[in-house]
Amino acid sequence: MAPFPVQLSPIFGHWGAYLVYAVIGFAFGYVLEIAGFGNSKKLAAQFYFKDMTVLKVMFGAIIVAMVLIFGATAVGLLDYNLIWVNPTYLWPGIVGGLIMGFGFIIGGFCPGTSLVGAATGKLDGVFFVLGVLFGIFLFGETVDSFAIFWNSSYMGRYTLPELFGLPTGVVVLGVVLMALFMFWGAEKLEQKFGGVDAKAAPKWRYAAAVAIALGGIVLIFLGQPTATDRWAKLEAEKGQLLADRAVQIHPGELLSLIEDTNIKTVMLDVRNESDYNLFHILDAQHVPLADLPNVVDDLHFEPANAVFILMSNDEAAATEAWKYLVAEAVPNVYILEGGINNWIALFGDDNLTKGFNAGAGNDELCYIFDSAIGDRYPASEPDPEAYELEFTPKVQLELKRAPTSGGCG
Amino acid sequence: MTTLTPTETKPSFWQTLKHALTARKEKAYINPYLAAILLGVVLFGAFFVTGNGLGASGGLNRILVYVQDLIAPEHTDRVPYLIAMAGGSKNALDNWVVFMTFGTIAGGFVAGFLNGRLKIETNRGPRVPIKMRWVMAFIGGSLMGYGARFARGCTSGQALSGGAVLSVGSWAFMFAVFAGAYALAYFLRKFWN
């Protein structure tokens, strides 16, 4: 598994981990200040084409970080699944962005830069920070009146490569080229409106532009690791768990997990639709193997006490699903031992088990049903009190690695 | 008989401190492309080590909610938006973004000190009275704070961080910010120039 990002709290302790964030914040504030972002006049000049520093620093930082991030994920150092990607709420984002744009030109700062302005004694920065606090306060008091709009157009973790249907490397190179084109335009505008001397800019910026574009091209050839690639790296370690049957849990353990209010049990039934309609466990979600990639992001959003149980008729399909989810760094994934067939054998009444199909192949349903009534069988929600089951508990909660909130939460 | 009174008084503690903080010669800002590379490396470092990007408005938000919770705990326990941060015994400051915010303030201060840019002043357009600039800064800040919560992130947490990891919403947001600012810039040209 990719070693980064690291889990900070086991290393530094709960509050100690925050020191790392303070150090990152320090570097952030330092760079903002030396870039000139503590000065509202320099920031506002962006919108009169006199000094395009805001655009250059912002898009420049984005493309540098982007190439480094996707370079690190391409070589398997960093796991993209475990990185916080702001979920898309399209229209609230656009409306909020427009309001912020107005605030930017009226007030001359954005929240991060106003902190730096205030820290260096700029009184306009101090008043801006007070304004930000007041605006946040106002939002907290009013959001309930438009909560429906604020939660609308939710698209989850939705990325540009998915939007365009292009490989990540191609999108990265496209963004880099767009940014370089904007820098070129920005310099022309500065010369026209700001009277900036074209020759004063350092020559090394051409080398930097070539380097970052080359980085984008390299990313296209490297590609991003697929689930198969990731599994290949994990097979030695995680394949052993399968062989040792350390992740196949007894139906009795699943039953006790469902009853356990400290655990959020998420059951994923990966069989085909007709089998699922014939019989499934109450609250099991139907996610055929082919649909698994679409739910990975949602699984990462689940809270830290979530345990995922995969089930097929026997174990073959569930095992495939297990490999996939483990490769995608989903924590706490287990397989229902013996699958649905075993479950029915254990909990089914005579009515359910009377039609036994001895000729059923591997991972096929070996009971014959009169009707497709899904989870309206007693065996779909067996009474845990009615069974005395012996089993060795195998579920151990792992520490959750994927962040559940970003820099604005 | 007269005694000789010293004409030079010893400088007060505050004068000494002020002198120590502002004595350095003011240096020029660094090249924007160099700043971009440095900021990009910091942003990458944040994602690489922690899985999170950068943030600023979230920290201010939580500091504010913390104060609200001190003053009116029963109120923060009743508003759904505030409960998530400070409901019951939750401490609104128990979040990494708060510490990042403190770090940002400290980093800005140290950079300002080292480069001789610590100075009590008000940056404004040549035709604008100081108090007018303050009022506008407060209004602009209010809009920024409101918009940042509306968009679930500010320039740092949404545009910069989300942009670098290719979030669709972050890119839409970023263009909206620039669009909003440029749309209004013409009407404020006398304010800034």
# chains A, B, ... in the order shown; residues from 1 in each chain; ligands from 1
$ residues_around --residues "Val85 of chain A" --least-positions-apart "6" --cutoff "8 Å" --atoms "only C-alpha atoms" --output "ChimeraX atom specification"
/A:157,406 /B:162,165-167
$ write_last_selection --atoms "C-alpha atoms" --output "PDB file, in the first residue's frame"
ATOM      1  CA  ARG A 157     -15.955  13.320  -5.440  1.00  0.00           C
ATOM      2  CA  GLY A 406     -11.131  19.323   3.944  1.00  0.00           C
TER       3      GLY A 406
ATOM      4  CA  GLY B 162      -9.247  21.364  -4.858  1.00  0.00           C
ATOM      5  CA  VAL B 165      -6.341  17.520  -7.169  1.00  0.00           C
ATOM      6  CA  LEU B 166      -8.656  18.253 -10.119  1.00  0.00           C
ATOM      7  CA  SER B 167     -12.009  18.593  -8.358  1.00  0.00           C
TER       8      SER B 167
END
$ residues_around --residues "segment 96-100 of chain B" --least-positions-apart "4" --cutoff "7 Å" --atoms "only C-alpha atoms" --output "number ranges by chain"
A: 18, 21-22, 24-25, 407; B: 55, 58-59, 62, 104
$ write_last_selection --atoms "C-alpha atoms" --output "tab-separated table (two decimals), in the first residue's frame"
chain	number	residue	atom	x	y	z
A	18	TYR	CA	-1.78	19.25	14.85
A	21	TYR	CA	-0.41	21.23	10.42
A	22	ALA	CA	0.87	24.31	12.22
A	24	ILE	CA	2.54	23.54	7.11
A	25	GLY	CA	0.45	26.60	7.93
A	407	GLY	CA	-9.45	22.62	4.66
B	55	GLY	CA	-7.15	25.98	4.40
B	58	GLY	CA	-12.22	26.89	8.05
B	59	GLY	CA	-9.87	27.86	10.86
B	62	ARG	CA	-13.98	27.23	14.04
B	104	THR	CA	-0.37	30.89	8.75
$ select_by_dssp --residues "segment 153-230 of chain A" --states "helix (DSSP H, G or I)" --output "PyMOL selection string"
chain A and resi 160-164+168-193+198-200+204-222+227-230
$ residues_around --residues "Thr73 of chain A" --least-positions-apart "6" --cutoff "10 Å" --atoms "only C-alpha atoms" --output "PyMOL selection string"
(chain A and resi 2+4+67+79-81+223-225) or (chain B and resi 48)
$ residues_around --residues "Val65 of chain B" --least-positions-apart "5" --cutoff "10 Å" --atoms "only C-alpha atoms" --output "ChimeraX atom specification"
/A:133,136-137,140 /B:59-60,70-73,76,82-83,85-86,91-93
$ residues_around --residues "Thr50 of chain B" --least-positions-apart "6" --cutoff "9 Å" --atoms "only C-alpha atoms" --output "PyMOL selection string"
chain A and resi 4-8+20-21+83+403
$ write_last_selection --atoms "C-alpha atoms" --output "compact mmCIF listing (two decimals), in the first residue's frame"
# COMPACT_ATOMS: atom_id res chain seq x y z
CA PHE A 4 1.70 8.31 1.88
CA PRO A 5 -0.26 10.14 3.18
CA VAL A 6 0.85 9.07 6.66
CA GLN A 7 -1.39 8.73 9.66
CA LEU A 8 -0.17 11.45 11.92
CA VAL A 20 2.51 19.22 11.75
CA TYR A 21 -0.41 21.23 10.42
CA ILE A 83 -6.40 12.42 -0.50
CA PRO A 403 -9.79 12.28 5.45
$ residues_around --residues "segment 306-310 of chain A" --least-positions-apart "4" --cutoff "6 Å" --atoms "only C-alpha atoms" --output "PyMOL selection string"
chain A and resi 264-268+318+332-335
$ atom_distance --atom1 "atom CA of Ala236 of chain A" --atom2 "atom CA of Val326 of chain A"
12.9 Å
$ closest_residue --among "B:Thr101, B:Asn193, B:Ser12, B:Ser57" --to "Thr155 of chain B" --atoms "only C-alpha atoms"
B:Ser57
$ residues_around --residues "Ala111 of chain B" --least-positions-apart "4" --cutoff "9 Å" --atoms "only C-alpha atoms" --output "PyMOL selection string"
(chain A and resi 29-34+120) or (chain B and resi 106-107+115-118)
$ write_last_selection --atoms "C-alpha atoms" --output "PDB file, in the first residue's frame"
ATOM      1  CA  GLY A  29       1.767  32.095   5.571  1.00  0.00           C
ATOM      2  CA  TYR A  30       5.445  32.702   4.926  1.00  0.00           C
ATOM      3  CA  VAL A  31       5.148  32.135   1.184  1.00  0.00           C
ATOM      4  CA  LEU A  32       1.989  34.267   0.932  1.00  0.00           C
ATOM      5  CA  GLU A  33       3.821  37.137   2.601  1.00  0.00           C
ATOM      6  CA  ILE A  34       6.981  37.029   0.474  1.00  0.00           C
ATOM      7  CA  THR A 120       2.117  42.264   9.267  1.00  0.00           C
TER       8      THR A 120
ATOM      9  CA  ALA B 106       2.822  33.139  12.537  1.00  0.00           C
ATOM     10  CA  GLY B 107       4.404  32.482   9.128  1.00  0.00           C
ATOM     11  CA  ASN B 115      11.815  41.292   5.156  1.00  0.00           C
ATOM     12  CA  GLY B 116      11.207  44.567   6.974  1.00  0.00           C
ATOM     13  CA  ARG B 117       7.545  44.723   6.088  1.00  0.00           C
ATOM     14  CA  LEU B 118       6.054  44.814   9.578  1.00  0.00           C
TER      15      LEU B 118
END
$ closest_residue --among "A:Gln46, A:Thr53, A:Ser380, A:Thr392" --to "chain B" --atoms "only C-alpha atoms"
A:Thr53
$ atom_distance --atom1 "atom CA of Leu241 of chain A" --atom2 "atom CA of Ala321 of chain A"
14.5 Å
$ closest_residue --among "A:Val247, A:Leu222, A:Ala402, A:Ala327" --to "chain B" --atoms "only C-alpha atoms"
A:Ala402
$ atom_distance --atom1 "atom CA of Ile212 of chain A" --atom2 "atom CA of Met58 of chain A"
15.1 Å
$ select_by_dssp --residues "segment 87-190 of chain A" --states "strand (DSSP E)" --output "list in words"
Thr88, Tyr89, Tyr154, Met155 and Gly156 of chain A
$ write_last_selection --atoms "N, CA and C atoms" --output "PDB file, in the first residue's frame"
ATOM      1  N   THR A  88     -18.053  18.008  -4.999  1.00  0.00           N
ATOM      2  CA  THR A  88     -18.645  19.061  -5.824  1.00  0.00           C
ATOM      3  C   THR A  88     -20.106  19.277  -5.451  1.00  0.00           C
ATOM      4  N   TYR A  89     -20.407  20.511  -5.036  1.00  0.00           N
ATOM      5  CA  TYR A  89     -21.781  21.003  -4.954  1.00  0.00           C
ATOM      6  C   TYR A  89     -21.797  22.149  -5.961  1.00  0.00           C
ATOM      7  N   TYR A 154     -25.305  18.115  -5.705  1.00  0.00           N
ATOM      8  CA  TYR A 154     -24.190  17.367  -5.120  1.00  0.00           C
ATOM      9  C   TYR A 154     -23.729  16.289  -6.092  1.00  0.00           C
ATOM     10  N   MET A 155     -22.451  16.281  -6.382  1.00  0.00           N
ATOM     11  CA  MET A 155     -21.916  15.292  -7.319  1.00  0.00           C
ATOM     12  C   MET A 155     -20.826  14.440  -6.676  1.00  0.00           C
ATOM     13  N   GLY A 156     -20.621  14.595  -5.394  1.00  0.00           N
ATOM     14  CA  GLY A 156     -19.622  13.777  -4.712  1.00  0.00           C
ATOM     15  C   GLY A 156     -18.209  14.129  -5.145  1.00  0.00           C
TER      16      GLY A 156
END
$ closest_residue --among "A:Ala35, A:Ile373, A:Leu180, A:Ala316" --to "chain B" --atoms "only C-alpha atoms"
A:Ala35
